[in-house]
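A.B. asks: Next comes start_12.cif, mmCIF, C-alpha atoms and all ligand atoms:
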```cif
data_my_file
loop_
_atom_site.label_atom_id
_atom_site.label_comp_id
_atom_site.auth_asym_id
_atom_site.auth_seq_id
_atom_site.Cartn_x
_atom_site.Cartn_y
_atom_site.Cartn_z
CA MET A 1 0.00 0.00 0.00
CA ALA A 2 1.21 3.51 -0.81
CA GLU A 3 2.37 5.53 2.15
CA PHE A 4 3.28 9.20 2.58
CA GLN A 5 4.48 10.80 5.82
CA GLY A 6 3.34 7.64 7.56
CA CYS A 7 -0.17 7.93 6.13
CA GLN A 8 -1.60 4.92 4.30
CA LEU A 9 -3.23 5.64 0.95
CA PRO A 10 -4.65 2.44 -0.60
CA GLU A 11 -4.37 2.52 -4.40
CA ASP A 12 -7.51 0.48 -4.99
CA LEU A 13 -9.88 3.07 -3.45
CA TYR A 14 -11.54 6.19 -4.83
CA TYR A 15 -11.28 9.52 -3.03
CA ASP A 16 -13.08 12.88 -2.82
CA LEU A 17 -9.52 14.27 -2.43
CA ASP A 18 -10.35 15.70 0.98
CA TYR A 19 -11.64 13.51 3.83
CA VAL A 20 -13.45 10.62 2.25
CA TRP A 21 -12.61 7.33 0.55
CA ALA A 22 -15.10 5.21 -1.38
CA ARG A 23 -15.09 1.52 -2.34
CA PRO A 24 -17.51 0.36 -5.05
CA GLY A 25 -19.50 -2.79 -4.26
CA ASP A 26 -20.87 -5.43 -6.65
CA ASP A 27 -24.42 -4.25 -6.01
CA GLY A 28 -23.99 -0.66 -7.24
CA THR A 29 -23.51 0.78 -3.75
CA PHE A 30 -20.42 2.56 -2.43
CA THR A 31 -18.90 2.06 1.00
CA LEU A 32 -17.55 5.31 2.48
CA GLY A 33 -15.07 6.06 5.21
CA VAL A 34 -12.50 8.70 6.17
CA THR A 35 -8.86 8.57 5.10
CA ASP A 36 -5.87 7.87 7.31
CA PRO A 37 -4.59 11.49 7.15
CA ALA A 38 -8.11 12.77 7.90
CA GLN A 39 -8.51 10.59 10.99
CA THR A 40 -5.04 11.68 12.11
CA MET A 41 -5.98 15.35 11.80
CA SER A 42 -9.19 14.75 13.77
CA GLY A 43 -7.42 13.30 16.81
CA ARG A 44 -8.71 10.49 19.03
CA LEU A 45 -12.41 10.24 18.23
CA GLN A 46 -14.89 10.05 21.08
CA LYS A 47 -18.26 10.43 19.42
CA VAL A 48 -19.71 9.44 16.07
CA ARG A 49 -23.19 9.99 14.69
CA ILE A 50 -24.24 8.37 11.40
CA LYS A 51 -27.44 9.00 9.43
CA LYS A 52 -29.97 6.18 9.55
CA PRO A 53 -30.47 3.80 6.61
CA GLY A 54 -33.23 5.13 4.37
CA THR A 55 -32.01 8.73 4.63
CA HIS A 56 -31.53 10.47 1.29
CA LEU A 57 -28.63 12.91 1.08
CA GLU A 58 -27.73 15.53 -1.50
CA ALA A 59 -24.06 15.77 -2.52
CA GLY A 60 -21.99 17.55 0.12
CA ARG A 61 -24.41 16.83 2.97
CA HIS A 62 -23.07 15.03 6.06
CA VAL A 63 -23.56 11.30 6.35
CA ALA A 64 -21.75 11.35 9.70
CA THR A 65 -20.44 13.70 12.36
CA LEU A 66 -17.19 13.01 14.20
CA GLU A 67 -15.98 14.51 17.46
CA SER A 68 -12.74 14.22 19.38
CA GLY A 69 -12.02 16.08 22.60
CA LYS A 70 -11.60 19.47 20.99
CA TRP A 71 -12.31 18.88 17.31
CA ALA A 72 -15.58 18.24 15.45
CA GLY A 73 -16.53 17.94 11.81
CA GLY A 74 -18.85 16.39 9.28
CA VAL A 75 -18.22 13.62 6.76
CA PRO A 76 -19.77 14.79 3.48
CA VAL A 77 -21.12 12.43 0.83
CA PRO A 78 -19.34 13.07 -2.50
CA PHE A 79 -22.55 12.35 -4.48
CA ALA A 80 -26.31 12.30 -3.88
CA GLY A 81 -27.79 9.02 -2.76
CA GLU A 82 -29.54 6.94 -0.13
CA VAL A 83 -27.94 5.48 2.98
CA VAL A 84 -28.45 1.70 2.72
CA ALA A 85 -26.33 0.64 5.70
CA ARG A 86 -24.34 2.18 8.50
CA ASN A 87 -21.61 0.77 10.73
CA ASP A 88 -23.28 0.63 14.15
CA THR A 89 -20.05 -0.64 15.74
CA LEU A 90 -18.63 2.88 15.44
CA LEU A 91 -21.42 4.36 17.56
CA GLU A 92 -20.11 2.26 20.47
CA ASP A 93 -16.44 2.48 19.54
CA PRO A 94 -15.64 5.75 17.67
CA HIS A 95 -11.90 5.26 18.26
CA LEU A 96 -11.95 2.34 15.79
CA ILE A 97 -11.80 5.01 13.06
CA ASN A 98 -8.33 5.95 14.34
CA VAL A 99 -7.25 2.31 14.34
CA ASP A 100 -8.61 0.85 11.09
CA PRO A 101 -9.98 3.69 8.91
CA TYR A 102 -10.04 1.64 5.67
CA GLY A 103 -11.32 -1.64 7.11
CA ASP A 104 -13.53 -2.30 10.13
CA ALA A 105 -14.20 1.43 10.53
CA TRP A 106 -16.14 1.94 7.28
CA ILE A 107 -18.88 4.48 8.01
CA ALA A 108 -21.83 3.91 5.68
CA ARG A 109 -22.95 2.34 2.41
CA ILE A 110 -24.64 4.65 -0.08
CA ARG A 111 -26.68 3.87 -3.20
CA PRO A 112 -25.97 6.77 -5.58
CA ASP A 113 -28.83 8.46 -7.46
CA SER A 114 -26.83 8.43 -10.67
CA ILE A 115 -23.55 6.79 -11.54
CA SER A 116 -22.42 9.68 -13.75
CA THR A 117 -22.14 12.11 -10.82
CA VAL A 118 -20.22 9.46 -8.89
CA LEU A 119 -17.54 9.32 -11.55
CA GLU A 120 -17.40 13.13 -11.65
CA ARG A 121 -16.82 13.47 -7.92
CA LEU A 122 -14.51 10.54 -7.16
CA HIS A 123 -10.89 10.20 -8.17
CA GLY A 124 -8.58 7.21 -8.31
CA GLY A 125 -5.18 6.11 -9.52
CA SER A 126 -2.09 8.28 -9.65
CA GLU A 127 -4.07 11.54 -9.87
CA ALA A 128 -5.70 10.83 -6.50
CA GLN A 129 -2.41 9.71 -4.96
CA GLU A 130 -0.71 12.95 -6.04
CA GLU A 131 -3.58 15.14 -4.75
CA LEU A 132 -3.68 13.33 -1.41
CA ARG A 133 0.06 13.81 -0.98
CA SER A 134 -0.30 17.54 -1.48
CA TRP A 135 -3.24 17.50 1.00
CA ILE A 136 -0.95 15.85 3.55
CA ARG A 137 1.80 18.41 2.84
CA ARG A 138 -0.63 21.36 2.99
CA TYR A 139 -1.95 20.39 6.42
CA ASP A 140 1.42 19.08 7.54
CA VAL A 141 0.04 15.75 8.72
CA GLN A 142 2.23 12.97 10.08
CA CYS A 143 0.36 9.70 10.59
CA MET A 144 1.20 7.30 13.37
CA ARG A 145 -0.35 3.89 13.71
CA CYS A 146 -2.47 3.37 16.80
CA ALA A 147 -1.69 0.07 18.46
CA ASP A 148 -4.87 -0.13 20.57
CA MET B 1 -1.77 46.38 21.80
CA GLU B 2 -4.58 44.70 19.90
CA SER B 3 -5.31 46.30 16.54
CA PRO B 4 -8.80 47.77 15.93
CA ILE B 5 -9.52 45.27 13.16
CA ALA B 6 -8.66 42.31 15.42
CA ALA B 7 -10.86 43.71 18.18
CA VAL B 8 -13.82 44.28 15.84
CA LEU B 9 -13.63 40.74 14.45
CA GLN B 10 -13.29 39.21 17.90
CA GLN B 11 -16.36 41.11 19.08
CA ASP B 12 -18.21 39.85 16.03
CA HIS B 13 -17.43 36.23 17.07
CA ALA B 14 -18.94 36.97 20.48
CA ARG B 15 -22.01 38.66 18.94
CA LEU B 16 -22.61 35.66 16.65
CA ASP B 17 -22.18 33.22 19.56
CA ARG B 18 -24.92 35.12 21.42
CA LEU B 19 -27.22 35.02 18.37
CA LEU B 20 -26.80 31.24 18.06
CA GLU B 21 -27.41 30.82 21.79
CA SER B 22 -30.64 32.85 21.55
CA ALA B 23 -31.86 30.56 18.75
CA ALA B 24 -30.98 27.55 20.94
CA GLU B 25 -32.93 29.02 23.87
CA ALA B 26 -36.01 29.35 21.67
CA VAL B 27 -35.62 25.70 20.60
CA ARG B 28 -35.29 24.52 24.22
CA ALA B 29 -38.51 26.39 25.02
CA GLY B 30 -40.26 24.86 22.00
CA ARG B 31 -40.78 28.27 20.37
CA TRP B 32 -40.10 26.91 16.89
CA LYS B 33 -41.18 29.92 14.81
CA GLU B 34 -39.03 32.27 16.84
CA ALA B 35 -36.15 29.76 16.70
CA ALA B 36 -36.34 29.69 12.90
CA VAL B 37 -36.17 33.51 12.72
CA LEU B 38 -33.28 33.70 15.19
CA LEU B 39 -31.30 30.92 13.50
CA GLU B 40 -31.74 32.66 10.13
CA ARG B 41 -30.52 35.93 11.68
CA PHE B 42 -27.45 34.05 12.95
CA ARG B 43 -26.91 32.30 9.60
CA HIS B 44 -27.19 35.54 7.66
CA GLY B 45 -24.81 37.32 10.05
CA ILE B 46 -22.15 34.64 9.95
CA VAL B 47 -22.40 33.38 6.34
CA ASP B 48 -23.30 36.55 4.40
CA GLY B 49 -21.46 38.88 6.78
CA HIS B 50 -18.56 37.53 8.80
CA MET B 51 -17.40 34.63 6.60
CA ASP B 52 -17.95 36.64 3.43
CA VAL B 53 -15.62 39.42 4.65
CA GLU B 54 -13.07 36.82 5.75
CA GLU B 55 -13.10 34.94 2.44
CA LYS B 56 -13.27 37.95 0.10
CA ILE B 57 -11.00 40.41 1.90
CA LEU B 58 -9.13 39.11 4.92
CA PHE B 59 -7.95 35.68 3.76
CA PRO B 60 -6.65 36.97 0.38
CA ALA B 61 -4.81 39.84 2.13
CA PHE B 62 -3.27 37.38 4.60
CA GLU B 63 -2.30 35.00 1.78
CA ARG B 64 -0.50 37.81 -0.09
CA TRP B 65 1.31 38.82 3.08
CA GLU B 66 2.34 35.43 4.56
CA THR B 67 5.35 33.40 3.45
CA ASP B 68 3.65 29.98 3.60
CA VAL B 69 3.17 29.11 -0.08
CA GLU B 70 0.77 26.28 0.83
CA HIS B 71 -1.58 28.75 2.60
CA SER B 72 -2.31 25.99 5.11
CA LEU B 73 -4.09 28.20 7.63
CA THR B 74 -6.57 29.84 5.27
CA ALA B 75 -7.15 26.50 3.48
CA LEU B 76 -8.11 24.95 6.81
CA LEU B 77 -10.32 27.91 7.75
CA LYS B 78 -12.12 27.85 4.38
CA LYS B 79 -12.71 24.11 4.81
CA GLY B 80 -14.20 24.91 8.22
CA HIS B 81 -16.54 27.50 6.68
CA GLN B 82 -17.74 24.98 4.09
CA ASP B 83 -18.42 22.39 6.79
CA LEU B 84 -20.25 24.97 8.93
CA ARG B 85 -22.50 26.10 6.06
CA VAL B 86 -23.73 22.50 5.70
CA PHE B 87 -24.31 22.23 9.45
CA PHE B 88 -26.32 25.51 9.49
CA GLN B 89 -28.58 24.11 6.78
CA GLU B 90 -29.07 20.90 8.78
CA MET B 91 -29.89 22.91 11.92
CA ALA B 92 -32.54 24.90 10.02
CA GLU B 93 -34.07 21.61 8.84
CA THR B 94 -34.29 20.20 12.37
CA ILE B 95 -36.12 23.38 13.43
CA GLY B 96 -38.46 22.95 10.45
CA ALA B 97 -39.15 19.41 11.68
CA SER B 98 -39.48 20.53 15.36
CA ASP B 99 -36.81 17.96 16.24
CA MET B 100 -35.27 19.23 19.49
CA GLU B 101 -32.99 16.25 20.13
CA GLU B 102 -31.41 16.40 16.69
CA PHE B 103 -31.06 20.20 16.88
CA LEU B 104 -29.28 20.07 20.25
CA ASP B 105 -26.96 17.34 18.96
CA LEU B 106 -26.02 19.51 15.98
CA LEU B 107 -25.73 22.57 18.20
CA GLY B 108 -23.09 20.84 20.35
CA THR B 109 -21.07 19.93 17.28
CA VAL B 110 -21.37 23.40 15.74
CA GLN B 111 -20.36 25.12 18.97
CA THR B 112 -17.28 22.87 19.22
CA ILE B 113 -16.31 23.70 15.63
CA LEU B 114 -16.87 27.44 16.14
CA ARG B 115 -14.89 27.50 19.39
CA GLN B 116 -11.89 25.92 17.73
CA HIS B 117 -12.24 27.86 14.48
CA ASP B 118 -12.63 31.24 16.19
CA ALA B 119 -9.73 30.58 18.59
CA LYS B 120 -7.49 29.71 15.64
CA GLU B 121 -8.42 32.89 13.80
CA GLU B 122 -7.97 35.03 16.89
CA ALA B 123 -4.53 33.55 17.62
CA GLU B 124 -3.05 32.94 14.16
CA LEU B 125 -4.79 35.28 11.70
CA TYR B 126 -6.36 38.41 13.21
CA PRO B 127 -3.20 39.68 14.99
CA PHE B 128 -1.46 39.97 11.59
CA LEU B 129 -4.23 41.70 9.65
CA ALA B 130 -3.10 45.19 10.59
CA ASP B 131 0.15 44.43 8.72
CA ALA B 132 -1.44 42.38 5.95
CA LEU B 133 -4.20 44.79 4.92
CA PRO B 134 -3.13 47.62 2.60
CA ASP B 135 -4.64 50.34 4.81
CA GLY B 136 -3.72 48.61 8.05
CA GLY B 137 -7.33 47.60 8.50
CA GLY B 138 -8.23 51.00 9.83
CA HIS B 139 -10.88 51.59 7.18
CA GLY B 140 -11.72 47.94 6.60
CA ARG B 141 -15.31 46.95 6.02
CA ARG B 142 -17.09 46.09 9.21
CA PRO B 143 -18.64 42.63 9.09
CA ALA B 144 -22.27 43.08 8.11
CA GLY B 145 -25.19 41.40 9.76
FE FE C 201 -13.91 32.12 9.94
FE FE C 202 -14.04 34.66 12.12
#
```
Represent the structure contained in this file as structure tokens.
C.D. replies:
Amino acid sequence: MAEFQGCQLPEDLYYDLDYVWARPGDDGTFTLGVTDPAQTMSGRLQKVRIKKPGTHLEAGRHVATLESGKWAGGVPVPFAGEVVARNDTLLEDPHLINVDPYGDAWIARIRPDSISTVLERLHGGSEAQEELRSWIRRYDVQCMRCAD
Amino acid sequence: MESPIAAVLQQDHARLDRLLESAAEAVRAGRWKEAAVLLERFRHGIVDGHMDVEEKILFPAFERWETDVEHSLTALLKKGHQDLRVFFQEMAETIGASDMEEFLDLLGTVQTILRQHDAKEEAELYPFLADALPDGGGHGRRPAG
């Protein structure tokens, strides 16, 4: 897996080039989560709220809200769609996002309204890798793996 | 000594905090119509006034003046504004739906974001505006609202 300043950046994922990664499923849905540099910038998370399945969201609206001791922020959906599943484990254990942001700590699964907007808003391959590296440089993020 | 521009902006943060708190009080009392009016007054003051002045005048002046070519600080602050605008919209919707629990949840998050955002501006941006603005900020536009 690609790494930059200690931050993991899986090459097989799509990104909104800010906070969010997306993994396409076989059923036309996309699983979303936050990137390793984004979770690092947030600090140790203490509270997570995720929209209920069945909720329809316009592009840019928050599918989840994250809070650490002194930081809070929303997780925007890159494209319009319906929440079809959410990761209830995170509601009990928000810190899991700091530990396994690309795996067990996925946030929600979204069924997009239209696939064409999805392709417009998500980026992959070397373009995404380059953009994410400059994101990490801009915010001067240094990722460290959490052991617990 | 604190420059006049820094003082004005800091007072505007406090004024906006009070406006948001008054909207929250109306929600807690179940006065939904009044809450909607007060939240809109807050939203207009912060989005169309305060943030607009920051993004159109203050951030560009600071970016021309600073030596950080990445403009990390203003990039982070602009990202914060974008996030806040979405949260304000969500708060207005919870008032429209008379959903007190959801509103108070969002309120807590928004107040945390604003506290951190405002503190960052007051410590890392506002003190340098007197030097960064062409007229020293003495005749700068006052945030509207
Ligand atoms: Fe601001
Ligand atoms: Fe401000």
A.B. asks: Pick out the residues sitting within 12 Å of region 69-74 of chain B, and hand them over as a JSON list (two decimals) with C-alpha atoms, in the coordinates of the input; count all atoms listed in the file, and ignore anything fewer than 5 positions along from it in its own chain.
C.D. replies:
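What landed in part_17.json:
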```
[["chain", "number", "residue", "atom", "x", "y", "z"],
["A", 134, "SER", "CA", -0.30, 17.54, -1.48],
["A", 135, "TRP", "CA", -3.24, 17.50, 1.00],
["A", 136, "ILE", "CA", -0.95, 15.85, 3.55],
["A", 137, "ARG", "CA", 1.80, 18.41, 2.84],
["A", 138, "ARG", "CA", -0.63, 21.36, 2.99],
["A", 139, "TYR", "CA", -1.95, 20.39, 6.42],
["A", 140, "ASP", "CA", 1.42, 19.08, 7.54],
["A", 141, "VAL", "CA", 0.04, 15.75, 8.72],
["B", 51, "MET", "CA", -17.40, 34.63, 6.60],
["B", 54, "GLU", "CA", -13.07, 36.82, 5.75],
["B", 55, "GLU", "CA", -13.10, 34.94, 2.44],
["B", 56, "LYS", "CA", -13.27, 37.95, 0.10],
["B", 57, "ILE", "CA", -11.00, 40.41, 1.90],
["B", 58, "LEU", "CA", -9.13, 39.11, 4.92],
["B", 59, "PHE", "CA", -7.95, 35.68, 3.76],
["B", 60, "PRO", "CA", -6.65, 36.97, 0.38],
["B", 61, "ALA", "CA", -4.81, 39.84, 2.13],
["B", 62, "PHE", "CA", -3.27, 37.38, 4.60],
["B", 63, "GLU", "CA", -2.30, 35.00, 1.78],
["B", 64, "ARG", "CA", -0.50, 37.81, -0.09],
["B", 79, "LYS", "CA", -12.71, 24.11, 4.81],
["B", 80, "GLY", "CA", -14.20, 24.91, 8.22],
["B", 81, "HIS", "CA", -16.54, 27.50, 6.68],
["B", 117, "HIS", "CA", -12.24, 27.86, 14.48],
["B", 120, "LYS", "CA", -7.49, 29.71, 15.64],
["B", 121, "GLU", "CA", -8.42, 32.89, 13.80],
["B", 123, "ALA", "CA", -4.53, 33.55, 17.62],
["B", 124, "GLU", "CA", -3.05, 32.94, 14.16],
["B", 125, "LEU", "CA", -4.79, 35.28, 11.70],
["B", 126, "TYR", "CA", -6.36, 38.41, 13.21]]
```
A.B. asks: Which residue gives the smallest distance to Arg23 (chain A) among A:Met144, A:Ile107, A:Met41, A:Glu120, with only C-alpha atoms counted?
C.D. replies: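 Comparing A:Met144, A:Ile107, A:Met41, A:Glu120 against Arg23 (chain A), the winner is A:Ile107.
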A.B. asks: Between CA of Glu122 (chain B) and CA of Gln11 (chain B), what is the distance, to one decimal in Å?
C.D. replies: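 Distance reported for this atom pair: 10.6 Å.
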A.B. asks: Dump as a short mmCIF file (atom, residue, chain, number, x, y, z; two decimals) with C-alpha atoms, in the coordinates of the input the residues of chain A that approach chain B to within 10 Å, counting all atoms listed in the file.
C.D. replies:
```cif
data_model
loop_
_atom_site.label_atom_id
_atom_site.label_comp_id
_atom_site.auth_asym_id
_atom_site.auth_seq_id
_atom_site.Cartn_x
_atom_site.Cartn_y
_atom_site.Cartn_z
CA ASP A 18 -10.35 15.70 0.98
CA ARG A 49 -23.19 9.99 14.69
CA GLY A 60 -21.99 17.55 0.12
CA ARG A 61 -24.41 16.83 2.97
CA HIS A 62 -23.07 15.03 6.06
CA THR A 65 -20.44 13.70 12.36
CA LEU A 66 -17.19 13.01 14.20
CA GLU A 67 -15.98 14.51 17.46
CA SER A 68 -12.74 14.22 19.38
CA GLY A 69 -12.02 16.08 22.60
CA LYS A 70 -11.60 19.47 20.99
CA TRP A 71 -12.31 18.88 17.31
CA ALA A 72 -15.58 18.24 15.45
CA GLY A 73 -16.53 17.94 11.81
CA GLY A 74 -18.85 16.39 9.28
CA VAL A 75 -18.22 13.62 6.76
CA PRO A 76 -19.77 14.79 3.48
CA SER A 134 -0.30 17.54 -1.48
CA TRP A 135 -3.24 17.50 1.00
CA ARG A 137 1.80 18.41 2.84
CA ARG A 138 -0.63 21.36 2.99
CA TYR A 139 -1.95 20.39 6.42
CA ASP A 140 1.42 19.08 7.54
#
```
A.B. asks: Tell me which of B:Ala23, B:Glu102, B:Leu39, B:Asp131 sits closest to Ile50 (chain A), counting all atoms listed in the file.
C.D. replies: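 Counting all atoms listed in the file, the residue closest to Ile50 (chain A) is B:Glu102.
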A.B. asks: Within 8 Å of Val34 (chain A), counting only C-alpha atoms, which residues qualify if same-chain residues fewer than 3 places away don't, as number ranges by chain?
C.D. replies: A: 19-21, 38-39, 75, 97, 101-102, 106-107
A.B. asks: Counting all atoms listed in the file, what is within 10 Å of Asp104 (chain A), bar same-chain residues fewer than 6 positions away, as a list in words?
C.D. replies: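 Those residues are Gly33, Asn87, Thr89, Leu90, Leu96 and Ile97 of chain A.
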A.B. asks: For Val118 (chain A), which residue out of A:Pro94, A:Gly6, A:Gly25, A:Gly81 is the nearest one, using all atoms listed in the file?
C.D. replies: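 Closest candidate: A:Gly81.
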A.B. asks: Determine the axis-aligned bounding box of all atoms of region 24-30 of chain B present in the file, pad each side by 5 Å, and express its centre and edge lengths in Å to one decimal place as AutoDock Vina command-line options.
C.D. replies:
```
--center_x -35.6 --center_y 26.9 --center_z 22.8 --size_x 19.3 --size_y 14.8 --size_z 14.4
```
A.B. asks: Enter the distance from CA of Phe88 (chain B) to CA of Ala29 (chain B), in Å, rounded to one decimal.
C.D. replies: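 Separation of CA of Phe88 (chain B) and CA of Ala29 (chain B): 19.8 Å.
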